[in-house]
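Structure file model.tsv with TSV, C-alpha atoms:
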chain	number	residue	atom	x	y	z
A	1	LYS	CA	-76.03	-69.23	-18.63
A	2	ARG	CA	-72.50	-69.73	-19.89
A	3	GLU	CA	-73.28	-68.59	-23.47
A	4	SER	CA	-75.61	-65.62	-23.26
A	5	PRO	CA	-75.68	-61.80	-23.17
A	6	VAL	CA	-75.60	-62.10	-19.37
A	7	ALA	CA	-72.38	-64.12	-19.57
A	8	GLU	CA	-70.88	-61.36	-21.73
A	9	VAL	CA	-71.74	-58.77	-19.10
A	10	VAL	CA	-70.32	-60.92	-16.30
A	11	ALA	CA	-67.11	-61.47	-18.27
A	12	GLY	CA	-66.82	-57.72	-18.78
A	13	GLN	CA	-67.16	-57.16	-15.05
A	14	GLU	CA	-64.48	-59.76	-14.33
A	15	ARG	CA	-62.24	-58.11	-16.91
A	16	ARG	CA	-62.68	-54.63	-15.43
A	17	THR	CA	-62.03	-55.86	-11.89
A	18	ALA	CA	-58.80	-57.51	-13.05
A	19	GLU	CA	-57.86	-54.29	-14.86
A	20	LEU	CA	-58.27	-52.31	-11.63
A	21	TYR	CA	-55.76	-54.61	-9.91
A	22	ASP	CA	-53.44	-54.37	-12.90
A	23	GLU	CA	-53.58	-50.57	-12.81
A	24	GLN	CA	-52.79	-50.57	-9.08
A	25	ILE	CA	-49.81	-52.89	-9.62
A	26	LYS	CA	-48.48	-50.75	-12.49
A	27	ASP	CA	-48.83	-47.62	-10.36
A	28	LEU	CA	-46.78	-49.24	-7.60
A	29	THR	CA	-44.04	-50.56	-9.91
A	30	GLU	CA	-44.24	-47.51	-12.21
A	31	GLY	CA	-44.66	-50.00	-15.05
A	32	ALA	CA	-41.08	-51.24	-14.64
A	33	ASN	CA	-41.99	-54.90	-14.12
A	34	GLU	CA	-44.86	-57.30	-13.55
A	35	ALA	CA	-44.23	-57.84	-9.83
A	36	THR	CA	-43.12	-61.46	-10.21
A	37	ASP	CA	-41.18	-63.04	-7.33
A	38	PHE	CA	-37.92	-62.84	-9.28
A	39	GLU	CA	-38.39	-59.23	-10.41
A	40	THR	CA	-39.49	-58.03	-6.99
A	41	GLY	CA	-36.78	-60.00	-5.17
A	42	SER	CA	-34.13	-58.56	-7.49
A	43	VAL	CA	-35.25	-54.98	-6.76
A	44	VAL	CA	-35.19	-55.60	-3.00
A	45	PHE	CA	-31.87	-57.43	-3.13
A	46	ASN	CA	-30.17	-54.68	-5.14
A	47	VAL	CA	-31.17	-51.99	-2.64
A	48	ILE	CA	-29.94	-53.97	0.37
A	49	ASP	CA	-26.81	-55.16	-1.44
A	50	GLU	CA	-25.96	-51.58	-2.44
A	51	PHE	CA	-26.02	-50.57	1.22
A	52	ALA	CA	-23.67	-53.44	2.09
A	53	ALA	CA	-21.38	-52.51	-0.82
A	54	GLN	CA	-20.96	-48.94	0.47
A	55	ALA	CA	-18.94	-50.14	3.44
A	56	ASP	CA	-16.79	-52.31	1.20
A	57	GLU	CA	-16.18	-49.47	-1.25
A	58	ALA	CA	-15.14	-47.18	1.61
A	59	ILE	CA	-12.53	-49.74	2.69
A	60	GLY	CA	-11.25	-49.92	-0.89
A	61	ALA	CA	-10.92	-46.13	-0.94
A	62	ALA	CA	-8.93	-46.30	2.30
A	63	TYR	CA	-6.49	-48.76	0.68
A	64	ASN	CA	-5.98	-46.32	-2.18
A	65	ALA	CA	-5.48	-43.44	0.23
A	66	ALA	CA	-2.92	-45.45	2.18
A	67	ARG	CA	-0.95	-46.03	-0.99
A	68	ASP	CA	-1.36	-42.62	-2.60
A	69	ARG	CA	-1.52	-40.08	0.22
A	70	ALA	CA	0.30	-41.73	3.09
A	71	GLY	CA	3.17	-42.89	0.93
A	72	VAL	CA	3.07	-46.42	2.34
A	73	GLU	CA	5.43	-48.40	0.12
A	74	GLY	CA	7.13	-51.75	0.18
A	75	ARG	CA	6.22	-54.97	1.96
A	76	VAL	CA	4.97	-53.67	5.30
A	77	ILE	CA	1.63	-55.47	5.96
A	78	SER	CA	1.58	-58.61	8.09
A	79	LEU	CA	-1.33	-61.02	7.63
A	80	ASP	CA	-0.33	-63.35	10.45
A	81	ASN	CA	-3.81	-62.93	11.99
A	82	LEU	CA	-5.41	-64.10	8.73
A	83	VAL	CA	-3.10	-67.12	8.45
A	84	LEU	CA	-3.87	-68.22	12.01
A	85	SER	CA	-7.60	-67.72	11.47
A	86	LEU	CA	-7.47	-69.80	8.30
A	87	ARG	CA	-5.74	-72.59	10.18
A	88	SER	CA	-8.49	-72.62	12.80
A	89	LYS	CA	-11.17	-72.74	10.10
A	90	GLU	CA	-9.73	-75.56	7.97
A	91	GLY	CA	-12.43	-77.91	9.24
A	92	LYS	CA	-15.02	-75.72	7.51
A	93	ASN	CA	-13.57	-76.07	4.03
A	94	ILE	CA	-16.28	-78.42	2.71
A	95	GLN	CA	-19.07	-76.38	4.30
A	96	SER	CA	-17.64	-73.24	2.67
A	97	GLY	CA	-17.51	-74.82	-0.76
A	98	GLY	CA	-13.71	-74.89	-0.83
A	99	VAL	CA	-13.23	-71.24	0.14
A	100	VAL	CA	-10.79	-72.03	2.97
A	101	ASP	CA	-8.49	-74.11	0.75
A	102	SER	CA	-8.66	-71.50	-2.01
A	103	ILE	CA	-7.50	-68.65	0.26
A	104	LYS	CA	-4.97	-70.89	1.97
A	105	GLN	CA	-3.35	-71.78	-1.35
A	106	ASP	CA	-3.32	-68.11	-2.38
A	107	LEU	CA	-1.43	-67.13	0.79
A	108	ILE	CA	1.05	-69.95	0.24
A	109	ASN	CA	1.59	-68.81	-3.35
A	110	LYS	CA	2.23	-65.26	-2.15
A	111	GLY	CA	4.87	-66.59	0.27
A	112	VAL	CA	3.21	-65.32	3.44
A	113	ALA	CA	2.28	-68.80	4.75
A	114	PHE	CA	3.50	-72.39	4.51
A	115	VAL	CA	2.44	-75.87	5.60
A	116	ASP	CA	4.86	-77.44	8.13
A	117	GLU	CA	5.93	-81.07	8.36
A	118	ASN	CA	2.89	-81.82	10.52
A	119	GLY	CA	0.50	-80.46	7.90
A	120	LYS	CA	-0.30	-77.28	9.83
A	121	LEU	CA	-0.60	-73.89	8.16
A	122	ARG	CA	1.82	-71.35	9.62
A	123	PRO	CA	2.82	-67.72	8.93
A	124	ALA	CA	6.09	-67.37	7.01
A	125	GLU	CA	9.03	-66.00	8.97
A	126	GLY	CA	10.93	-62.74	8.62
A	127	ALA	CA	10.35	-60.16	5.90
A	128	ASN	CA	8.90	-62.81	3.56
A	129	ARG	CA	5.65	-62.81	5.48
A	130	LEU	CA	4.99	-59.12	4.70
A	131	LEU	CA	2.94	-57.79	1.77
A	132	SER	CA	2.61	-54.41	0.09
A	133	ILE	CA	-0.64	-52.42	0.06
A	134	ASP	CA	-1.12	-53.46	-3.58
A	135	ASP	CA	-0.64	-57.13	-2.70
A	136	VAL	CA	-3.24	-56.97	0.07
A	137	GLU	CA	-5.66	-55.05	-2.15
A	138	ASP	CA	-5.24	-57.70	-4.87
A	139	LEU	CA	-6.01	-60.40	-2.31
A	140	ARG	CA	-9.01	-58.43	-1.12
A	141	GLN	CA	-10.34	-58.20	-4.67
A	142	GLU	CA	-9.90	-61.96	-5.04
A	143	LEU	CA	-11.96	-62.43	-1.88
A	144	ASN	CA	-14.64	-60.16	-3.35
A	145	VAL	CA	-14.84	-62.40	-6.42
A	146	LEU	CA	-15.11	-65.44	-4.16
A	147	TYR	CA	-17.83	-63.67	-2.18
A	148	GLN	CA	-19.88	-62.97	-5.31
A	149	SER	CA	-19.59	-66.56	-6.51
A	150	SER	CA	-20.55	-67.89	-3.04
A	151	ARG	CA	-23.87	-66.02	-2.71
A	152	GLY	CA	-26.45	-68.18	-0.98
A	153	ASN	CA	-23.79	-70.23	0.87
A	154	ALA	CA	-23.85	-68.83	4.40
A	155	GLY	CA	-20.86	-70.96	5.41
A	156	ALA	CA	-18.77	-69.31	2.70
A	157	THR	CA	-19.91	-65.69	2.88
A	158	GLU	CA	-19.52	-65.49	6.67
A	159	LEU	CA	-15.96	-66.80	6.49
A	160	ILE	CA	-15.00	-64.48	3.64
A	161	ARG	CA	-16.38	-61.49	5.54
A	162	THR	CA	-14.37	-62.54	8.61
A	163	PHE	CA	-11.17	-62.90	6.58
A	164	LYS	CA	-11.68	-59.51	4.90
A	165	ASN	CA	-12.18	-57.86	8.30
A	166	LEU	CA	-8.90	-59.37	9.54
A	167	MET	CA	-7.08	-58.03	6.48
A	168	ASP	CA	-8.61	-54.57	6.95
A	169	ASP	CA	-7.55	-54.54	10.60
A	170	SER	CA	-3.98	-55.39	9.62
A	171	VAL	CA	-3.82	-52.60	7.04
A	172	GLU	CA	-5.36	-50.06	9.40
A	173	LYS	CA	-2.85	-50.86	12.14
A	174	THR	CA	-0.02	-50.28	9.68
A	175	VAL	CA	-1.20	-47.10	7.92
A	176	GLY	CA	-3.01	-45.40	10.82
A	177	SER	CA	-6.66	-44.96	11.78
A	178	ASP	CA	-7.03	-41.46	10.26
A	179	ILE	CA	-6.96	-42.85	6.73
A	180	PHE	CA	-9.57	-45.42	7.69
A	181	LYS	CA	-11.85	-42.91	9.42
A	182	ALA	CA	-14.44	-42.68	6.63
A	183	ALA	CA	-14.28	-46.41	6.03
A	184	ARG	CA	-14.87	-47.09	9.72
A	185	ALA	CA	-17.90	-44.79	9.69
A	186	GLU	CA	-19.49	-46.74	6.82
A	187	LYS	CA	-18.59	-50.04	8.41
A	188	THR	CA	-20.05	-48.96	11.76
A	189	LYS	CA	-23.28	-47.88	10.05
A	190	TYR	CA	-23.52	-51.29	8.43
A	191	GLU	CA	-22.85	-53.14	11.68
A	192	ARG	CA	-25.36	-50.99	13.59
A	193	THR	CA	-28.04	-51.80	11.04
A	194	ILE	CA	-27.45	-55.50	11.61
A	195	GLU	CA	-27.36	-55.10	15.39
A	196	ARG	CA	-30.54	-52.99	15.39
A	197	SER	CA	-32.32	-55.59	13.29
A	198	ARG	CA	-31.31	-58.35	15.72
A	199	LYS	CA	-32.38	-56.39	18.81
A	200	ASN	CA	-35.78	-55.60	17.30
A	201	LYS	CA	-36.67	-59.29	17.08
A	202	ARG	CA	-38.93	-60.45	19.90
A	203	ASP	CA	-37.96	-64.06	19.30
A	204	LYS	CA	-34.40	-65.05	20.09
A	205	SER	CA	-33.79	-67.27	17.07
A	206	ARG	CA	-30.57	-66.73	15.18
A	207	LYS	CA	-32.41	-66.43	11.87
A	208	ASN	CA	-32.81	-62.87	10.62
A	209	LEU	CA	-34.03	-62.21	7.09
A	210	LEU	CA	-32.54	-58.71	6.71
A	211	VAL	CA	-29.14	-59.92	7.91
A	212	ASP	CA	-29.37	-62.97	5.64
A	213	ILE	CA	-29.96	-60.70	2.63
A	214	LEU	CA	-27.22	-58.27	3.68
A	215	GLU	CA	-24.75	-61.13	3.97
A	216	SER	CA	-25.86	-62.72	0.66
A	217	ARG	CA	-27.33	-65.87	2.18
A	218	VAL	CA	-30.59	-65.46	0.24
A	219	GLU	CA	-30.84	-65.46	-3.55
A	220	PRO	CA	-33.02	-62.72	-5.11
A	221	ASP	CA	-35.59	-65.21	-6.42
A	222	GLN	CA	-36.12	-66.54	-2.87
A	223	ILE	CA	-36.68	-63.20	-1.12
A	224	MET	CA	-40.45	-62.96	-1.72
A	225	ARG	CA	-40.99	-66.57	-0.67
A	226	ARG	CA	-39.07	-65.84	2.54
A	227	LEU	CA	-41.04	-62.62	3.14
A	228	ALA	CA	-44.35	-64.41	2.65
A	229	GLY	CA	-43.41	-67.23	5.02
A	230	THR	CA	-41.51	-65.34	7.72
A	231	GLY	CA	-42.89	-63.96	10.98
A	232	ILE	CA	-43.86	-60.34	11.54
A	233	ASP	CA	-40.52	-59.42	13.18
A	234	ASP	CA	-38.44	-60.40	10.14
A	235	PHE	CA	-41.06	-58.95	7.78
A	236	LYS	CA	-41.04	-55.64	9.64
A	237	GLY	CA	-37.23	-55.64	9.80
A	238	VAL	CA	-36.91	-55.70	6.02
A	239	LEU	CA	-39.64	-53.10	5.53
A	240	ASP	CA	-38.20	-50.78	8.20
A	241	PHE	CA	-34.82	-50.87	6.46
A	242	LEU	CA	-36.38	-50.05	3.08
A	243	LYS	CA	-38.17	-47.09	4.70
A	244	SER	CA	-34.96	-45.81	6.35
A	245	ALA	CA	-32.56	-43.13	5.18
A	246	ASP	CA	-29.92	-45.86	4.68
A	247	ALA	CA	-31.96	-47.26	1.77
A	248	GLY	CA	-32.74	-43.85	0.28
A	249	GLU	CA	-35.25	-43.33	-2.54
A	250	ALA	CA	-34.46	-46.78	-3.94
A	251	GLY	CA	-35.84	-48.23	-0.70
A	252	GLN	CA	-39.29	-46.76	-1.38
A	253	VAL	CA	-39.19	-48.17	-4.91
A	254	ALA	CA	-38.41	-51.62	-3.48
A	255	LEU	CA	-41.17	-51.25	-0.88
A	256	ASN	CA	-43.70	-50.41	-3.60
A	257	ASN	CA	-42.58	-53.46	-5.56
A	258	ILE	CA	-43.23	-55.66	-2.51
A	259	LYS	CA	-46.74	-54.17	-2.22
A	260	ALA	CA	-47.34	-54.86	-5.92
A	261	ASN	CA	-46.16	-58.46	-5.52
A	262	PHE	CA	-48.61	-59.07	-2.65
A	263	MET	CA	-51.36	-57.46	-4.76
A	264	GLN	CA	-50.46	-59.88	-7.55
A	265	GLN	CA	-50.57	-62.79	-5.10
A	266	LEU	CA	-54.05	-61.63	-4.07
A	267	ILE	CA	-55.39	-61.63	-7.64
A	268	ASP	CA	-53.63	-64.91	-8.47
A	269	LYS	CA	-55.22	-66.68	-5.50
A	270	SER	CA	-58.62	-65.18	-6.38
A	271	THR	CA	-58.71	-66.36	-10.00
A	272	LYS	CA	-57.88	-70.06	-9.76
A	273	LYS	CA	-61.44	-71.34	-10.13
A	274	GLY	CA	-62.08	-71.05	-13.85
A	275	LEU	CA	-62.91	-68.55	-16.57
A	276	VAL	CA	-65.94	-66.60	-17.73
A	277	LYS	CA	-65.90	-66.18	-21.51
A	278	GLY	CA	-62.12	-66.52	-21.40
A	279	ASP	CA	-61.60	-63.98	-18.61
A	280	PRO	CA	-60.40	-65.00	-15.11
A	281	LYS	CA	-63.25	-65.55	-12.69
A	282	ILE	CA	-62.56	-63.55	-9.51
A	283	THR	CA	-63.76	-65.52	-6.48
A	284	PHE	CA	-64.57	-63.82	-3.19
A	285	GLY	CA	-63.69	-66.71	-0.83
A	286	PRO	CA	-60.00	-67.15	-1.71
A	287	MET	CA	-59.58	-63.37	-1.89
A	288	LEU	CA	-60.96	-62.94	1.63
A	289	ASP	CA	-58.87	-65.85	2.96
A	290	PHE	CA	-55.65	-64.30	1.65
A	291	VAL	CA	-56.43	-60.84	3.06
A	292	ASN	CA	-57.45	-62.33	6.42
A	293	SER	CA	-54.18	-64.30	6.60
A	294	LEU	CA	-52.24	-61.04	6.14
A	295	ARG	CA	-54.38	-59.31	8.75
A	296	LYS	CA	-53.92	-62.13	11.23
A	297	ASN	CA	-50.12	-62.10	11.09
A	298	GLY	CA	-49.91	-58.30	11.10
A	299	LYS	CA	-48.47	-57.94	7.59
A	300	PHE	CA	-51.55	-56.23	6.13
A	301	ASP	CA	-51.25	-53.16	8.39
A	302	GLU	CA	-47.45	-53.19	8.18
A	303	LEU	CA	-47.32	-53.28	4.38
A	304	PHE	CA	-50.21	-51.20	3.04
A	305	ASN	CA	-51.08	-47.56	3.69
A	306	ALA	CA	-54.64	-46.32	4.30
A	307	ASP	CA	-55.46	-45.75	0.60
A	308	GLU	CA	-54.13	-49.16	-0.42
A	309	LYS	CA	-56.06	-50.90	2.35
A	310	GLN	CA	-59.22	-49.07	1.26
A	311	PHE	CA	-58.65	-50.20	-2.34
A	312	ILE	CA	-58.39	-53.85	-1.24
A	313	THR	CA	-61.47	-53.46	1.00
A	314	ASP	CA	-63.40	-52.00	-1.94
A	315	MET	CA	-62.33	-54.89	-4.16
A	316	LEU	CA	-63.52	-57.34	-1.51
A	317	THR	CA	-66.87	-55.56	-1.40
A	318	ILE	CA	-67.21	-55.75	-5.17
A	319	ALA	CA	-66.27	-59.44	-5.22
A	320	LYS	CA	-68.74	-60.24	-2.44
A	321	SER	CA	-71.58	-58.34	-4.12
A	322	ARG	CA	-71.04	-60.34	-7.29
A	323	GLN	CA	-70.86	-63.68	-5.50
A	324	VAL	CA	-73.63	-65.96	-6.76
A	325	ASP	CA	-75.55	-68.16	-4.34
A	326	ARG	CA	-74.25	-71.72	-4.67
A	327	GLY	CA	-77.70	-73.12	-5.39
A	328	VAL	CA	-78.32	-70.54	-8.11
A	329	ALA	CA	-74.88	-71.13	-9.62
A	330	GLN	CA	-75.62	-74.87	-9.82
A	331	GLY	CA	-79.11	-74.38	-11.31
A	332	GLY	CA	-80.93	-74.80	-8.01
A	333	GLY	CA	-82.43	-71.32	-7.85
A	334	PRO	CA	-86.09	-70.49	-8.66
A	335	SER	CA	-85.53	-70.16	-12.41
A	336	GLY	CA	-83.38	-73.26	-12.51
A	337	GLN	CA	-86.03	-75.28	-10.69
A	338	ALA	CA	-88.73	-74.04	-13.07
A	339	VAL	CA	-86.69	-75.03	-16.10
A	340	GLN	CA	-86.03	-78.46	-14.61
A	341	ARG	CA	-89.75	-79.00	-13.92
A	342	ALA	CA	-90.70	-77.94	-17.46
A	343	LEU	CA	-88.07	-80.29	-18.90
A	344	GLU	CA	-89.44	-83.20	-16.86
A	345	MET	CA	-92.96	-82.43	-18.06
A	346	ALA	CA	-91.83	-82.26	-21.69
A	347	GLU	CA	-89.98	-85.55	-21.46
A	348	ALA	CA	-92.97	-87.19	-19.77
A	349	GLY	CA	-95.25	-86.08	-22.58
A	350	VAL	CA	-97.39	-83.90	-20.30
A	351	LEU	CA	-96.86	-80.85	-22.56
A	352	ALA	CA	-97.97	-82.65	-25.72
A	353	ASN	CA	-101.66	-81.88	-25.12
A	354	THR	CA	-100.87	-78.20	-24.47
A	355	ILE	CA	-98.40	-77.29	-27.23
A	356	GLY	CA	-98.78	-80.19	-29.60
A	357	PRO	CA	-96.57	-83.22	-30.20
A	358	ILE	CA	-94.63	-81.57	-33.03
A	359	ALA	CA	-93.36	-78.77	-30.81
A	360	VAL	CA	-92.30	-81.02	-27.91
A	361	PRO	CA	-88.87	-82.06	-29.33
A	362	PHE	CA	-88.05	-78.42	-30.08
A	363	ILE	CA	-89.11	-77.25	-26.61
A	364	THR	CA	-87.20	-80.12	-24.96
A	365	THR	CA	-83.98	-79.19	-26.79
A	366	MET	CA	-84.40	-75.52	-25.88
A	367	LEU	CA	-84.95	-76.34	-22.21
A	368	LYS	CA	-81.83	-78.53	-22.13
A	369	ASN	CA	-79.77	-75.71	-23.64
A	370	THR	CA	-81.19	-73.29	-21.10
A	371	LYS	CA	-80.13	-75.59	-18.27
A	372	ALA	CA	-76.62	-75.75	-19.72
Final structure tokens representation of the file:
Amino acid sequence: KRESPVAEVVAGQERRTAELYDEQIKDLTEGANEATDFETGSVVFNVIDEFAAQADEAIGAAYNAARDRAGVEGRVISLDNLVLSLRSKEGKNIQSGGVVDSIKQDLINKGVAFVDENGKLRPAEGANRLLSIDDVEDLRQELNVLYQSSRGNAGATELIRTFKNLMDDSVEKTVGSDIFKAARAEKTKYERTIERSRKNKRDKSRKNLLVDILESRVEPDQIMRRLAGTGIDDFKGVLDFLKSADAGEAGQVALNNIKANFMQQLIDKSTKKGLVKGDPKITFGPMLDFVNSLRKNGKFDELFNADEKQFITDMLTIAKSRQVDRGVAQGGGPSGQAVQRALEMAEAGVLANTIGPIAVPFITTMLKNTKA
């Protein structure tokens, strides 16, 4: 059964079924990748990170406008609020991976802060505590570098974002809100996205996958694992963002990559039980279990459109129709039982009178091969 023309046909069917999945995955990813967790997570991360970066870039543009158009010159920016905030956060230095101490030392080096005789960080006094727009922008860029290197460390990224907001507030108060108008609009859009995502959660837990990705608490290679394991609220939150105007066309590309990844998970889970002539054997049971798990938690309807759901349903139908009865597969079907009975008769010598003793060894060997 394993080495026969029938086995060749079965292998061809397995191969074609796998090819259908492969074609569907390539259509969804437009052939750009193989829908691995890392590739898919990177696509999703880049779209969400680009949205977060827009607000930051708008703030940077406001700094340039303050320097170039408003004619703000000299040391006019006070960062007293940042110094005091740093002092209150010194207990979080280890949790932040040394971010607090790094920024603290930078402010001391710039002369806007000092450590008093009691070891407390304090704002410098008089004109020395003021910085120019260029100085603050340089510090902001240093914080951006720290932010990039701290991805995945929620304790660090949250603090850095807080410190950057305090710096932005100080600059805006000095140069005027008109220059920061566009920056505020982008920042408000970003904050509303986060707030909307939090309000849409039925559970009141603090964890929120979209917010975690926006604030760089999740590495790209962990995004698909988190999506697979999270509840429907977090799952829907990420998908809703990718479908929104904020994500643009790139959001639909990322959404299609997520679909392709789940398709790949489906075929991976369905082909773990061996090969047929070197081709993966597609098994109905694991395939149905995976689809049912997605249906049960609501992700199936949330992720796939009508055509995609029909494709998966059709593949389930094909897999079920090709499922062999367990008894037949193990040689317990009618033909298998007949072969076994003939083999027993040959070995017992019953066939010798019918076909002759010379032919018995040959027939016995043939029957054993047929059983195999």
Checklist line | Residue among A:Ala156, A:Val145, A:Leu84, A:Ile258 lying closest to Val115 in chain A, counting all atoms listed in the file | finding: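 Under the stated criterion, the closest residue is A:Leu84.
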Checklist line | Straight-line distance linking CA of Phe235 in chain A with CA of Lys299 in chain A, stated in Å to one decimal | finding: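 We find that CA of Phe235 in chain A and CA of Lys299 in chain A lie 7.5 Å from each other.
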Note to self: At a cut-off of 12 Å, using all atoms listed in the file, what residues contact Met263 in chain A? Leave out same-chain residues fewer than 3 positions from it and give the result as a ChimeraX atom specification.
What the structure shows: /A:18,20-29,34-37,256-260,266-270,287,290-291,294,300,303-304,308-309,311-312,315
Extending 4 Å beyond the listed atoms of range 290-301 of chain A on each side, what axis-aligned box results? I want centre and edge lengths in Å to one decimal, as AutoDock Vina command-line options.
--center_x -53.0 --center_y -58.7 --center_z 6.4 --size_x 17.0 --size_y 19.1 --size_z 17.6
Notebook entry, point to check: Using only C-alpha atoms, which of A:Leu79, A:Thr157, A:Lys164, A:Arg184 sits nearest Ala61 in chain A?
Noted result: A:Arg184
Note to self: Give me the residues near Ile223 in chain A as JSON, numbers by chain, where near means some atom within 8 Å (using only C-alpha atoms) and where sequence neighbours in that chain fewer than 6 positions away do not count.
What the structure shows: {"A": [37, 41, 44, 45]}
Notebook entry, point to check: Separation of CA of Gly248 in chain A and CA of Lys187 in chain A, in Å?
Noted result: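 That distance, rounded to one decimal, is 17.5 Å.
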Checklist line | Two-atom distance - CA of Glu219 in chain A, CA of Glu57 in chain A (Å) | finding: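 It comes out at 21.8 Å.
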Next item on the list: For each of A:Asp138, A:Val83, A:Asp49, A:Ile77, take the minimum atom-to-atom distance to Arg217 in chain A, counting all atoms listed in the file, then give the residue where this is smallest.
Entry: A:Asp49
Next item on the list: Identify the residues within 9 Å of coordinate (-32.8, -49.3, -2.6) (same frame as the file), considering all atoms listed in the file, and give the answer as an MDAnalysis selection string.
Entry: chainID A and resid 43:51 242 246:255
Check: Looking at A:Lys92, A:Arg122, A:Lys189, A:Lys104, which one is nearest to Ala55 in chain A, with distances taken over only C-alpha atoms?
Finding: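 Residue with the minimum atom-to-atom distance to Ala55 in chain A: A:Lys189.
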Checklist line | Shell around Ser102 in chain A at 10 Å using all atoms listed in the file, local window under 4 positions removed, as a PyMOL selection string | finding: chain A and resi 93+97-98+106-107+143+146
Next item on the list: Tell me which of A:Ala306, A:Leu227, A:Ile282, A:Leu209 sits closest to Ala319 in chain A, counting all atoms listed in the file.
Entry: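 Looking at the shortest contact to Ala319 in chain A, the residue is A:Ile282.
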Margin query: From the options A:Leu121, A:Val100, A:Ala154, A:Ala66, which residue's atoms come nearest to Ile133 in chain A, counting all atoms listed in the file?
Written below: A:Ala66
Next item on the list: Find the spatial neighbours of Ile179 in chain A, counting only C-alpha atoms, within a cut-off of 10 Å - ignore same-chain residues fewer than 5 positions away - and output them as a list in words.
Entry: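 The residues that qualify are Ile59, Ala61, Ala62, Tyr63, Asn64, Ala65, Ala66, Arg69, Ala70, Glu172 and Arg184 of chain A.
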